Amino acid sequence: MAEIVKINIDGIALEVTKGTSILDAAKSVNVKIPTLCYHEDLCVAGNCRVCVVEVEGRKNLVASCAAPAEQGMVIKTTTPKVRRARTDIISLLVSEHNTQCTTCYRSTNCELQSLAAEYNVDSERYLSVLKPNIQVDKSSYSIEKDDSKCVRCQRCVRTCAELQHVNAITVAHKGRDMKISTFMELPMNEVVCVNCGQCVTHCPTGALTERRYYHEIWEAIGDPDKHVVINTAPSVRVALGEMLGYPVGTRVTGKMVTALKKIGFDSVLDTDFTADLTIIEEGHEFLQRVTKALKHKEKVALPMITSCSPGWVKFIEHMYPDHLDHLSPCKSPHQMFGALTKTFYAQKIGVDPSKIVSVAAMPCAAKKFEANRPEMKSSGYQDVDAGLTTREIGQMIKQSGLDFVNLPDSNYDSYMGESSGAAVIFGATGGVMEAALRTVYEVVTGREVPFKNLAITPVRGLEGIKEATIKLENVVPEYSFLEGAEVKVAIAHGLKNARVIMDQIKNGTSPYLFIEIMACPGGCIGGGGQPIPTNDEIRKKRIAAIYAEDEGMPIRKSHEVPEIKKIYETYLEKPLGHKSHELLHTHYKKRNRY
Ligand code: SF4
Ligand code: SF4
Ligand code: SF4
Ligand code: FES
């Protein structure tokens, strides 16, 4: 049994498990200790010392994030000595900081800014030692790196290494020269970075941000010659509210649609439409591979792996280039959307595709890179002109001056605005697999998946790698070769977990037939473009909102959506057909690690 220790924090007596940090112990009794290098998702670095506290009987102050609570400890968190030390540390950080809060993207959402205000830091206290001529690295389509705003907390380095197993950024040099750098100090677009944006959501300041494109979109909206179309990803609707005065986990779908229409987007459509389309295409691709392997005994790459997460796609291109044949050829939903916007949709609304500006509102930083991949031009134009993050959409709504909370709800525009609950759950880890199983199981057996209320619970939740096995019984004649087969599937989120799955494939020990992988912890609800902060408590609330949205939908399965059926009847002809290959599928590229 775990040993319990008795301690006292600011006069509050409490008992905690031995080994609990002083910081966590304080949190458990609602005593807030400021932090900077600490993040719930990461291992403790203990390098900033903003979290210092006084422990009775100890001469030196103690970093509360790194020090375990010990039997009988009496801790004080706000003594004059503690406050002086914190003020000193923050003042020193400010003295080497490019304090441009009036123009900084992270202003009002910056941990250094909050600390400086909270501790009333005097910027004159120490001479500025900010190095001159620090260049902002804007080489990447997804990530901007501004070393002049870095507090050297190394949260980004730990994120990239611990959560993502990419190691694109590292600590270079020592002492005053220490900085966050890359392999050979190359620009961000030349290193192994997969553009996931997790370093951005874990950075406390404006040192790492997404590349912003909303200025260009404001210009396009103001241009009467342009028809600006936006599609919004499932996870944006459950996180956007956090930036606009709502508690975490509030769904703001209808208000978001109204706001985008009021801002001036000519068409507001739903990425869920192409999420449903992904299920139809990917589901058929999966069944085709299984048929080839099990019925015709042909050699085919199994397990098949989902491809809707562009950070994951770039990861496999760099790290497992010999296994690209396992990836589904389906583009991510927003790229399918872009290709259809400038072909099918342009025809439907009678607008010249050269006048369409196609915008994707995404939880993701990697979609910005993906939109600029040279192969993403199957409409004859750049299929997606700009990928904006949830944060950029929130910023645009703030800039528009709309009273968001009091807006009425609106529906998405039609042709590519109808969708199912299966598409909504794409936003959470396990959601793509659940959506695929709802359709594939029904195609093979003629019946609904054998789970209450269609909720395939084994694939849900925040466990890093999840598994499920579904037995196929009483199958329809076409799939008689699958009678009695057990389909074993896996779900991984966060690239460190993707590595475990990929190493099994590499070693020939993978027991699965179908795998879902998302680059970001929690899936898209925890994407690199989502509101900051993000941690497990927040991820859980966004996930709950996603499943609530699914349950409230009149249609819960992709293959039952009327607009999906219609687009096959009138335009795409059939799943995996010629037009699908042309517009909805893609190919991948082997990339080097260095
Ligand atoms: S990073 Fe923070 S402190 Fe620095 S300029 Fe931006 S808002 Fe201000
Ligand atoms: S975007 Fe992702 S891969 Fe690139 S440096 Fe940041 S955490 Fe690493
Ligand atoms: S870039 Fe951000 S997360 Fe990385 S060390 Fe600097 S301030 Fe910390
Ligand atoms: S937050 Fe504890 S040392 Fe940085």
# chains A, B, ... in the order shown; residues from 1 in each chain; ligands from 1
>>> residues_near_ligand(ligand="ligand 1", cutoff="7 Å", atoms="only C-alpha atoms and all ligand atoms", output="PyMOL selection string")
chain A and resi 97-101+104-108+110-113+149+205-207
>>> select_by_dssp(residues="segment 324-400 of chain A", states="strand (DSSP E)", output="PyMOL selection string")
chain A and resi 356-362+386-389
>>> residues_near_ligand(ligand="ligand 2", cutoff="10 Å", atoms="only C-alpha atoms and all ligand atoms", output="ChimeraX atom specification")
/A:140,142-145,155-170,181-182,188-189,191-203,208-210,311-312,314-315,365-366,495,519-520,528
>>> residues_near_ligand(ligand="ligand 4", cutoff="10 Å", atoms="only C-alpha atoms and all ligand atoms", output="list in words")
Leu23, Ile33, Pro34, Thr35, Leu36, Cys37, Tyr38, His39, Val44, Ala45, Gly46, Asn47, Cys48, Arg49, Val50, Cys51, Val52, Val53, Val62, Ala63, Ser64, Cys65, Ala66, Ala67, Cys153, Gln154 and Arg155 of chain A
>>> closest_residue(among="A:Asp223, A:Asp88, A:Asp177, A:Glu516", to="Glu282 of chain A", atoms="only C-alpha atoms")
A:Glu516
>>> residues_around(residues="Lys262 of chain A", least_positions_apart="2", cutoff="12 Å", atoms="only C-alpha atoms", output="list in words")
Ile221, Lys255, Met256, Val257, Thr258, Ala259, Leu260, Gly264, Phe265, Asp266, Ser267, Val268, Met396, Ile397, Ser400, Gly401, Leu402, Asp403, Phe404, Leu407, Pro408, Asp409 and Ser410 of chain A
>>> closest_residue(among="A:Phe286, A:Phe273, A:Trp218, A:Tyr381", to="Ala422 of chain A", atoms="only C-alpha atoms")
A:Phe273
>>> atom_distance(atom1="atom CA of Lys138 of chain A", atom2="atom CA of Glu317 of chain A")
22.6 Å
>>> residues_around(residues="Leu437 of chain A", least_positions_apart="5", cutoff="9 Å", atoms="only C-alpha atoms", output="MDAnalysis selection string")
chainID A and resid 283 432 442 449 456
>>> residues_around(residues="Gly484 of chain A", least_positions_apart="3", cutoff="10 Å", atoms="only C-alpha atoms", output="PyMOL selection string")
chain A and resi 470-475+480-481+487
>>> write_last_selection(atoms="C-alpha atoms", output="CSV table (one decimal), in the first residue's frame")
chain,number,residue,atom,x,y,z
A,470,ILE,CA,-14.9,-7.7,-33.5
A,471,LYS,CA,-16.1,-11.1,-34.5
A,472,LEU,CA,-17.9,-11.4,-37.9
A,473,GLU,CA,-20.8,-13.8,-37.8
A,474,ASN,CA,-23.7,-14.4,-40.1
A,475,VAL,CA,-22.0,-12.4,-42.8
A,480,SER,CA,-18.7,-15.5,-46.8
A,481,PHE,CA,-14.9,-15.9,-46.6
A,487,VAL,CA,-11.0,-8.4,-36.9
>>> residues_around(residues="Ser128 of chain A", least_positions_apart="3", cutoff="10 Å", atoms="only C-alpha atoms", output="number ranges by chain")
A: 92-98, 123-125, 131
>>> select_by_dssp(residues="segment 234-366 of chain A", states="alpha helix (DSSP H)", output="ChimeraX atom specification")
/A:253-263,272-290,310-319,333-340,346-349,366
>>> residues_around(residues="segment 230-240 of chain A", least_positions_apart="5", cutoff="6 Å", atoms="only C-alpha atoms", output="ChimeraX atom specification")
/A:249-253,268-271,359-363,390,424,427,525,542
>>> atom_distance(atom1="atom CA of Leu277 of chain A", atom2="atom CA of Ile564 of chain A")
6.7 Å
>>> closest_residue(among="A:Val440, A:Leu584, A:Met553, A:Ile356", to="Val228 of chain A", atoms="only C-alpha atoms")
A:Ile356
>>> closest_residue(among="A:Leu576, A:Leu513, A:Ala339, A:Ile280", to="Val300 of chain A", atoms="only C-alpha atoms")
A:Leu513
